[in-house]
$ cat structure13.json   # JSON, N, CA and C atoms
[["chain", "number", "residue", "atom", "x", "y", "z"],
["A", 835, "MET", "N", 21.83, 149.94, 126.98],
["A", 835, "MET", "CA", 23.03, 149.32, 127.51],
["A", 835, "MET", "C", 22.63, 148.18, 128.44],
["A", 836, "GLU", "N", 23.28, 147.04, 128.29],
["A", 836, "GLU", "CA", 23.03, 145.89, 129.15],
["A", 836, "GLU", "C", 24.27, 145.63, 130.01],
["A", 837, "THR", "N", 24.02, 145.28, 131.26],
["A", 837, "THR", "CA", 25.09, 144.92, 132.19],
["A", 837, "THR", "C", 24.71, 143.59, 132.83],
["A", 838, "PHE", "N", 25.66, 142.68, 132.88],
["A", 838, "PHE", "CA", 25.41, 141.33, 133.38],
["A", 838, "PHE", "C", 26.11, 141.11, 134.72],
["A", 839, "GLY", "N", 25.50, 140.28, 135.58],
["A", 839, "GLY", "CA", 26.10, 139.97, 136.87],
["A", 839, "GLY", "C", 25.23, 139.02, 137.66],
["A", 840, "THR", "N", 25.41, 139.05, 138.98],
["A", 840, "THR", "CA", 24.68, 138.18, 139.91],
["A", 840, "THR", "C", 23.91, 139.05, 140.89],
["A", 841, "LEU", "N", 22.64, 138.73, 141.07],
["A", 841, "LEU", "CA", 21.82, 139.47, 142.02],
["A", 841, "LEU", "C", 22.17, 139.09, 143.44],
["A", 842, "ILE", "N", 22.30, 140.10, 144.30],
["A", 842, "ILE", "CA", 22.53, 139.89, 145.72],
["A", 842, "ILE", "C", 21.68, 140.91, 146.50],
["A", 843, "VAL", "N", 21.47, 140.63, 147.78],
["A", 843, "VAL", "CA", 20.75, 141.55, 148.66],
["A", 843, "VAL", "C", 21.61, 141.81, 149.89],
["A", 844, "LYS", "N", 21.81, 143.08, 150.20],
["A", 844, "LYS", "CA", 22.55, 143.49, 151.40],
["A", 844, "LYS", "C", 21.69, 144.48, 152.16],
["A", 845, "ASN", "N", 21.41, 144.17, 153.41],
["A", 845, "ASN", "CA", 20.60, 145.05, 154.27],
["A", 845, "ASN", "C", 19.27, 145.44, 153.61],
["A", 846, "GLY", "N", 18.64, 144.48, 152.97],
["A", 846, "GLY", "CA", 17.34, 144.72, 152.36],
["A", 846, "GLY", "C", 17.36, 145.49, 151.06],
["A", 847, "GLN", "N", 18.54, 145.73, 150.49],
["A", 847, "GLN", "CA", 18.67, 146.48, 149.24],
["A", 847, "GLN", "C", 19.24, 145.56, 148.16],
["A", 848, "PRO", "N", 18.61, 145.55, 146.96],
["A", 848, "PRO", "CA", 19.12, 144.70, 145.89],
["A", 848, "PRO", "C", 20.31, 145.34, 145.15],
["A", 849, "PHE", "N", 21.26, 144.50, 144.79],
["A", 849, "PHE", "CA", 22.44, 144.92, 144.03],
["A", 849, "PHE", "C", 22.70, 143.93, 142.91],
["A", 850, "LEU", "N", 23.37, 144.40, 141.87],
["A", 850, "LEU", "CA", 23.90, 143.51, 140.85],
["A", 850, "LEU", "C", 25.41, 143.48, 141.06],
["A", 851, "GLU", "N", 25.93, 142.29, 141.37],
["A", 851, "GLU", "CA", 27.36, 142.13, 141.56],
["A", 851, "GLU", "C", 28.00, 141.77, 140.22],
["A", 852, "LEU", "N", 28.94, 142.59, 139.80],
["A", 852, "LEU", "CA", 29.58, 142.41, 138.50],
["A", 852, "LEU", "C", 30.76, 141.44, 138.60],
["A", 853, "PRO", "N", 31.13, 140.80, 137.49],
["A", 853, "PRO", "CA", 32.26, 139.86, 137.51],
["A", 853, "PRO", "C", 33.58, 140.51, 137.97],
["A", 854, "ILE", "N", 33.72, 141.81, 137.86],
["A", 854, "ILE", "CA", 34.95, 142.50, 138.27],
["A", 854, "ILE", "C", 34.95, 142.84, 139.75],
["A", 855, "GLY", "N", 33.88, 142.44, 140.47],
["A", 855, "GLY", "CA", 33.82, 142.65, 141.91],
["A", 855, "GLY", "C", 33.07, 143.90, 142.35],
["A", 856, "GLU", "N", 32.71, 144.76, 141.44],
["A", 856, "GLU", "CA", 31.93, 145.95, 141.78],
["A", 856, "GLU", "C", 30.46, 145.61, 141.89],
["A", 857, "THR", "N", 29.70, 146.45, 142.58],
["A", 857, "THR", "CA", 28.26, 146.26, 142.70],
["A", 857, "THR", "C", 27.52, 147.51, 142.25],
["A", 858, "ILE", "N", 26.34, 147.30, 141.73],
["A", 858, "ILE", "CA", 25.45, 148.39, 141.32],
["A", 858, "ILE", "C", 24.20, 148.31, 142.19],
["A", 859, "LYS", "N", 23.91, 149.39, 142.91],
["A", 859, "LYS", "CA", 22.69, 149.44, 143.73],
["A", 859, "LYS", "C", 21.50, 149.59, 142.79],
["A", 860, "LEU", "N", 20.55, 148.67, 142.91],
["A", 860, "LEU", "CA", 19.40, 148.66, 142.02],
["A", 860, "LEU", "C", 18.21, 149.41, 142.61],
["A", 861, "ASN", "N", 17.43, 149.99, 141.72],
["A", 861, "ASN", "CA", 16.17, 150.63, 142.10],
["A", 861, "ASN", "C", 15.20, 150.43, 140.95],
["A", 862, "ASP", "N", 14.02, 150.99, 141.07],
["A", 862, "ASP", "CA", 12.97, 150.76, 140.07],
["A", 862, "ASP", "C", 13.24, 151.42, 138.72],
["A", 863, "SER", "N", 14.30, 152.21, 138.61],
["A", 863, "SER", "CA", 14.62, 152.82, 137.31],
["A", 863, "SER", "C", 15.34, 151.83, 136.39],
["A", 864, "PHE", "N", 15.81, 150.70, 136.94],
["A", 864, "PHE", "CA", 16.47, 149.66, 136.16],
["A", 864, "PHE", "C", 15.45, 148.64, 135.67],
["A", 865, "PHE", "N", 15.66, 148.14, 134.46],
["A", 865, "PHE", "CA", 14.88, 147.01, 133.97],
["A", 865, "PHE", "C", 15.72, 145.78, 134.27],
["A", 866, "ILE", "N", 15.26, 144.95, 135.23],
["A", 866, "ILE", "CA", 16.02, 143.79, 135.71],
["A", 866, "ILE", "C", 15.42, 142.53, 135.11],
["A", 867, "GLU", "N", 16.30, 141.66, 134.61],
["A", 867, "GLU", "CA", 15.87, 140.37, 134.09],
["A", 867, "GLU", "C", 16.76, 139.28, 134.67],
["A", 868, "VAL", "N", 16.14, 138.18, 135.08],
["A", 868, "VAL", "CA", 16.89, 137.03, 135.59],
["A", 868, "VAL", "C", 16.96, 135.95, 134.51],
["A", 869, "PHE", "N", 18.05, 135.19, 134.53],
["A", 869, "PHE", "CA", 18.26, 134.14, 133.54],
["A", 869, "PHE", "C", 17.85, 132.80, 134.15],
["A", 870, "LEU", "N", 16.72, 132.26, 133.69],
["A", 870, "LEU", "CA", 16.20, 130.97, 134.14],
["A", 870, "LEU", "C", 15.69, 130.19, 132.94],
["A", 871, "ASP", "N", 15.96, 128.91, 132.94],
["A", 871, "ASP", "CA", 15.49, 128.04, 131.85],
["A", 871, "ASP", "C", 15.90, 128.55, 130.48],
["A", 872, "ASN", "N", 17.15, 129.02, 130.38],
["A", 872, "ASN", "CA", 17.73, 129.50, 129.11],
["A", 872, "ASN", "C", 17.02, 130.72, 128.53],
["A", 873, "GLU", "N", 16.33, 131.48, 129.37],
["A", 873, "GLU", "CA", 15.64, 132.69, 128.93],
["A", 873, "GLU", "C", 15.77, 133.76, 130.01],
["A", 874, "TYR", "N", 15.64, 135.02, 129.60],
["A", 874, "TYR", "CA", 15.59, 136.12, 130.55],
["A", 874, "TYR", "C", 14.14, 136.46, 130.86],
["A", 875, "HIS", "N", 13.86, 136.68, 132.17],
["A", 875, "HIS", "CA", 12.52, 136.99, 132.63],
["A", 875, "HIS", "C", 12.57, 138.26, 133.49],
["A", 876, "PRO", "N", 11.64, 139.19, 133.28],
["A", 876, "PRO", "CA", 11.65, 140.43, 134.08],
["A", 876, "PRO", "C", 11.33, 140.16, 135.54],
["A", 877, "ILE", "N", 11.94, 140.97, 136.42],
["A", 877, "ILE", "CA", 11.73, 140.86, 137.86],
["A", 877, "ILE", "C", 11.86, 142.26, 138.45],
["A", 878, "SER", "N", 11.07, 142.54, 139.47],
["A", 878, "SER", "CA", 11.12, 143.87, 140.11],
["A", 878, "SER", "C", 12.13, 143.85, 141.26],
["A", 879, "CYS", "N", 12.51, 145.02, 141.73],
["A", 879, "CYS", "CA", 13.41, 145.12, 142.89],
["A", 879, "CYS", "C", 12.80, 144.43, 144.10],
["A", 880, "ASP", "N", 11.51, 144.62, 144.31],
["A", 880, "ASP", "CA", 10.84, 143.98, 145.45],
["A", 880, "ASP", "C", 10.91, 142.46, 145.34],
["A", 881, "GLN", "N", 10.74, 141.93, 144.13],
["A", 881, "GLN", "CA", 10.81, 140.49, 143.94],
["A", 881, "GLN", "C", 12.23, 139.97, 144.21],
["A", 882, "VAL", "N", 13.24, 140.74, 143.82],
["A", 882, "VAL", "CA", 14.63, 140.36, 144.09],
["A", 882, "VAL", "C", 14.83, 140.25, 145.59],
["A", 883, "VAL", "N", 14.42, 141.27, 146.33],
["A", 883, "VAL", "CA", 14.61, 141.27, 147.78],
["A", 883, "VAL", "C", 13.84, 140.13, 148.42],
["A", 884, "ASP", "N", 12.57, 139.96, 148.05],
["A", 884, "ASP", "CA", 11.75, 138.89, 148.63],
["A", 884, "ASP", "C", 12.34, 137.51, 148.36],
["A", 885, "THR", "N", 12.78, 137.28, 147.13],
["A", 885, "THR", "CA", 13.30, 135.96, 146.75],
["A", 885, "THR", "C", 14.63, 135.67, 147.44],
["A", 886, "LEU", "N", 15.55, 136.61, 147.37],
["A", 886, "LEU", "CA", 16.89, 136.34, 147.91],
["A", 886, "LEU", "C", 16.94, 136.42, 149.42],
["A", 887, "SER", "N", 16.03, 137.16, 150.04],
["A", 887, "SER", "CA", 16.01, 137.24, 151.50],
["A", 887, "SER", "C", 15.45, 135.98, 152.13],
["A", 888, "SER", "N", 14.65, 135.23, 151.38],
["A", 888, "SER", "CA", 14.00, 134.04, 151.92],
["A", 888, "SER", "C", 14.81, 132.77, 151.70],
["A", 889, "VAL", "N", 15.87, 132.84, 150.88],
["A", 889, "VAL", "CA", 16.66, 131.66, 150.56],
["A", 889, "VAL", "C", 18.14, 131.98, 150.77],
["A", 890, "ASN", "N", 18.83, 131.11, 151.51],
["A", 890, "ASN", "CA", 20.27, 131.30, 151.72],
["A", 890, "ASN", "C", 21.07, 130.70, 150.57],
["A", 891, "ASP", "N", 22.17, 131.33, 150.24],
["A", 891, "ASP", "CA", 23.12, 130.82, 149.24],
["A", 891, "ASP", "C", 22.50, 130.61, 147.87],
["A", 892, "LEU", "N", 21.60, 131.48, 147.48],
["A", 892, "LEU", "CA", 21.01, 131.42, 146.15],
["A", 892, "LEU", "C", 21.72, 132.41, 145.25],
["A", 893, "SER", "N", 22.16, 131.95, 144.11],
["A", 893, "SER", "CA", 22.85, 132.80, 143.15],
["A", 893, "SER", "C", 21.99, 132.88, 141.89],
["A", 894, "ILE", "N", 21.63, 134.09, 141.51],
["A", 894, "ILE", "CA", 20.79, 134.28, 140.33],
["A", 894, "ILE", "C", 21.53, 135.17, 139.33],
["A", 895, "ASN", "N", 21.80, 134.61, 138.16],
["A", 895, "ASN", "CA", 22.40, 135.40, 137.10],
["A", 895, "ASN", "C", 21.36, 136.32, 136.51],
["A", 896, "ALA", "N", 21.77, 137.55, 136.21],
["A", 896, "ALA", "CA", 20.81, 138.53, 135.74],
["A", 896, "ALA", "C", 21.49, 139.56, 134.85],
["A", 897, "ARG", "N", 20.67, 140.36, 134.20],
["A", 897, "ARG", "CA", 21.16, 141.51, 133.46],
["A", 897, "ARG", "C", 20.24, 142.68, 133.78],
["A", 898, "ILE", "N", 20.80, 143.87, 133.64],
["A", 898, "ILE", "CA", 20.00, 145.08, 133.81],
["A", 898, "ILE", "C", 20.13, 145.90, 132.54],
["A", 899, "LYS", "N", 19.09, 146.64, 132.28],
["A", 899, "LYS", "CA", 19.09, 147.59, 131.16],
["A", 899, "LYS", "C", 18.79, 148.95, 131.73],
["A", 900, "ILE", "N", 19.56, 149.91, 131.31],
["A", 900, "ILE", "CA", 19.38, 151.27, 131.82],
["A", 900, "ILE", "C", 18.65, 152.10, 130.79]]
$ encode --input "structure13.json" --output "structure tokens"
Amino acid sequence: METFGTLIVKNGQPFLELPIGETIKLNDSFFIEVFLDNEYHPISCDQVVDTLSSVNDLSINARIKI
């Protein structure tokens, strides 16, 4: 199953924000991929937190696979 949304970080925890306004708390059991350069690339929870915590107002489209 694939779920699409936008990666966000709240209080040091990564989430996938869905278009319907709900969020999914992410952990290492999810396979996370970000959409860059017209392709999906794998990313870890730690990379999500590191990337989004260091940059303000960054929006990254992503999908997760359970």
$ select_by_dssp --input "structure13.json" --residues "chain A" --states "alpha helix (DSSP H)" --output "PyMOL selection string"
chain A and resi 879-888
$ closest_residue --input "structure13.json" --among "A:Glu851, A:Asp884, A:Gly839, A:Ile877" --to "A:Ala896" --atoms "all atoms listed in the file"
A:Gly839
$ residues_around --input "structure13.json" --residues "A:Ser887" --least-positions-apart "6" --cutoff "8 Å" --atoms "all atoms listed in the file" --output "PyMOL selection string"
chain A and resi 842-843+846+881
$ atom_distance --input "structure13.json" --atom1 "atom C of A:Val883" --atom2 "atom N of A:Met835"
24.9 Å
$ closest_residue --input "structure13.json" --among "A:Asn890, A:Asn861, A:Asn895, A:Thr840" --to "A:Glu873" --atoms "only C-alpha atoms"
A:Asn895
$ closest_residue --input "structure13.json" --among "A:Ser893, A:Phe838, A:Cys879, A:Thr885" --to "A:Leu852" --atoms "only N, CA and C atoms"
A:Phe838
$ atom_distance --input "structure13.json" --atom1 "atom CA of A:Asn845" --atom2 "atom CA of A:Pro876"
22.6 Å
$ atom_distance --input "structure13.json" --atom1 "atom CA of A:Ile854" --atom2 "atom CA of A:Ser888"
26.4 Å
$ select_by_dssp --input "structure13.json" --residues "chain A" --states "strand (DSSP E or B)" --output "NGL selection string"
:A and (836-844 or 847-851 or 857-859 or 865-870 or 873-877 or 894-899)
$ residues_near_point --input "structure13.json" --point "(21.0, 152.5, 147.4)" --cutoff "7 Å" --atoms "only C-alpha atoms" --output "ChimeraX atom specification"
/A:847,859-860
$ build_atoms --input "structure13.json" --residues "stretch 861-872 of chain A" --atoms "N, CA, C and O atoms" --output "PDB file, keeping the file's coordinate frame"
ATOM      1  N   ASN A 861      17.430 149.990 141.720  1.00  0.00           N
ATOM      2  CA  ASN A 861      16.170 150.630 142.100  1.00  0.00           C
ATOM      3  C   ASN A 861      15.200 150.430 140.950  1.00  0.00           C
ATOM      4  O   ASN A 861      15.521 149.775 139.950  1.00  0.00           O
ATOM      5  N   ASP A 862      14.020 150.990 141.070  1.00  0.00           N
ATOM      6  CA  ASP A 862      12.970 150.760 140.070  1.00  0.00           C
ATOM      7  C   ASP A 862      13.240 151.420 138.720  1.00  0.00           C
ATOM      8  O   ASP A 862      12.499 151.197 137.764  1.00  0.00           O
ATOM      9  N   SER A 863      14.300 152.210 138.610  1.00  0.00           N
ATOM     10  CA  SER A 863      14.620 152.820 137.310  1.00  0.00           C
ATOM     11  C   SER A 863      15.340 151.830 136.390  1.00  0.00           C
ATOM     12  O   SER A 863      15.480 152.074 135.201  1.00  0.00           O
ATOM     13  N   PHE A 864      15.810 150.700 136.940  1.00  0.00           N
ATOM     14  CA  PHE A 864      16.470 149.660 136.160  1.00  0.00           C
ATOM     15  C   PHE A 864      15.450 148.640 135.670  1.00  0.00           C
ATOM     16  O   PHE A 864      14.518 148.303 136.391  1.00  0.00           O
ATOM     17  N   PHE A 865      15.660 148.140 134.460  1.00  0.00           N
ATOM     18  CA  PHE A 865      14.880 147.010 133.970  1.00  0.00           C
ATOM     19  C   PHE A 865      15.720 145.780 134.270  1.00  0.00           C
ATOM     20  O   PHE A 865      16.781 145.576 133.677  1.00  0.00           O
ATOM     21  N   ILE A 866      15.260 144.950 135.230  1.00  0.00           N
ATOM     22  CA  ILE A 866      16.020 143.790 135.710  1.00  0.00           C
ATOM     23  C   ILE A 866      15.420 142.530 135.110  1.00  0.00           C
ATOM     24  O   ILE A 866      14.199 142.348 135.104  1.00  0.00           O
ATOM     25  N   GLU A 867      16.300 141.660 134.610  1.00  0.00           N
ATOM     26  CA  GLU A 867      15.870 140.370 134.090  1.00  0.00           C
ATOM     27  C   GLU A 867      16.760 139.280 134.670  1.00  0.00           C
ATOM     28  O   GLU A 867      17.974 139.443 134.745  1.00  0.00           O
ATOM     29  N   VAL A 868      16.140 138.180 135.080  1.00  0.00           N
ATOM     30  CA  VAL A 868      16.890 137.030 135.590  1.00  0.00           C
ATOM     31  C   VAL A 868      16.960 135.950 134.510  1.00  0.00           C
ATOM     32  O   VAL A 868      16.053 135.815 133.691  1.00  0.00           O
ATOM     33  N   PHE A 869      18.050 135.190 134.530  1.00  0.00           N
ATOM     34  CA  PHE A 869      18.260 134.140 133.540  1.00  0.00           C
ATOM     35  C   PHE A 869      17.850 132.800 134.150  1.00  0.00           C
ATOM     36  O   PHE A 869      18.519 132.276 135.040  1.00  0.00           O
ATOM     37  N   LEU A 870      16.720 132.260 133.690  1.00  0.00           N
ATOM     38  CA  LEU A 870      16.200 130.970 134.140  1.00  0.00           C
ATOM     39  C   LEU A 870      15.690 130.190 132.940  1.00  0.00           C
ATOM     40  O   LEU A 870      15.042 130.753 132.057  1.00  0.00           O
ATOM     41  N   ASP A 871      15.960 128.910 132.940  1.00  0.00           N
ATOM     42  CA  ASP A 871      15.490 128.040 131.850  1.00  0.00           C
ATOM     43  C   ASP A 871      15.900 128.550 130.480  1.00  0.00           C
ATOM     44  O   ASP A 871      15.110 128.566 129.533  1.00  0.00           O
ATOM     45  N   ASN A 872      17.150 129.020 130.380  1.00  0.00           N
ATOM     46  CA  ASN A 872      17.730 129.500 129.110  1.00  0.00           C
ATOM     47  C   ASN A 872      17.020 130.720 128.530  1.00  0.00           C
ATOM     48  O   ASN A 872      17.077 130.953 127.328  1.00  0.00           O
TER      49      ASN A 872
END
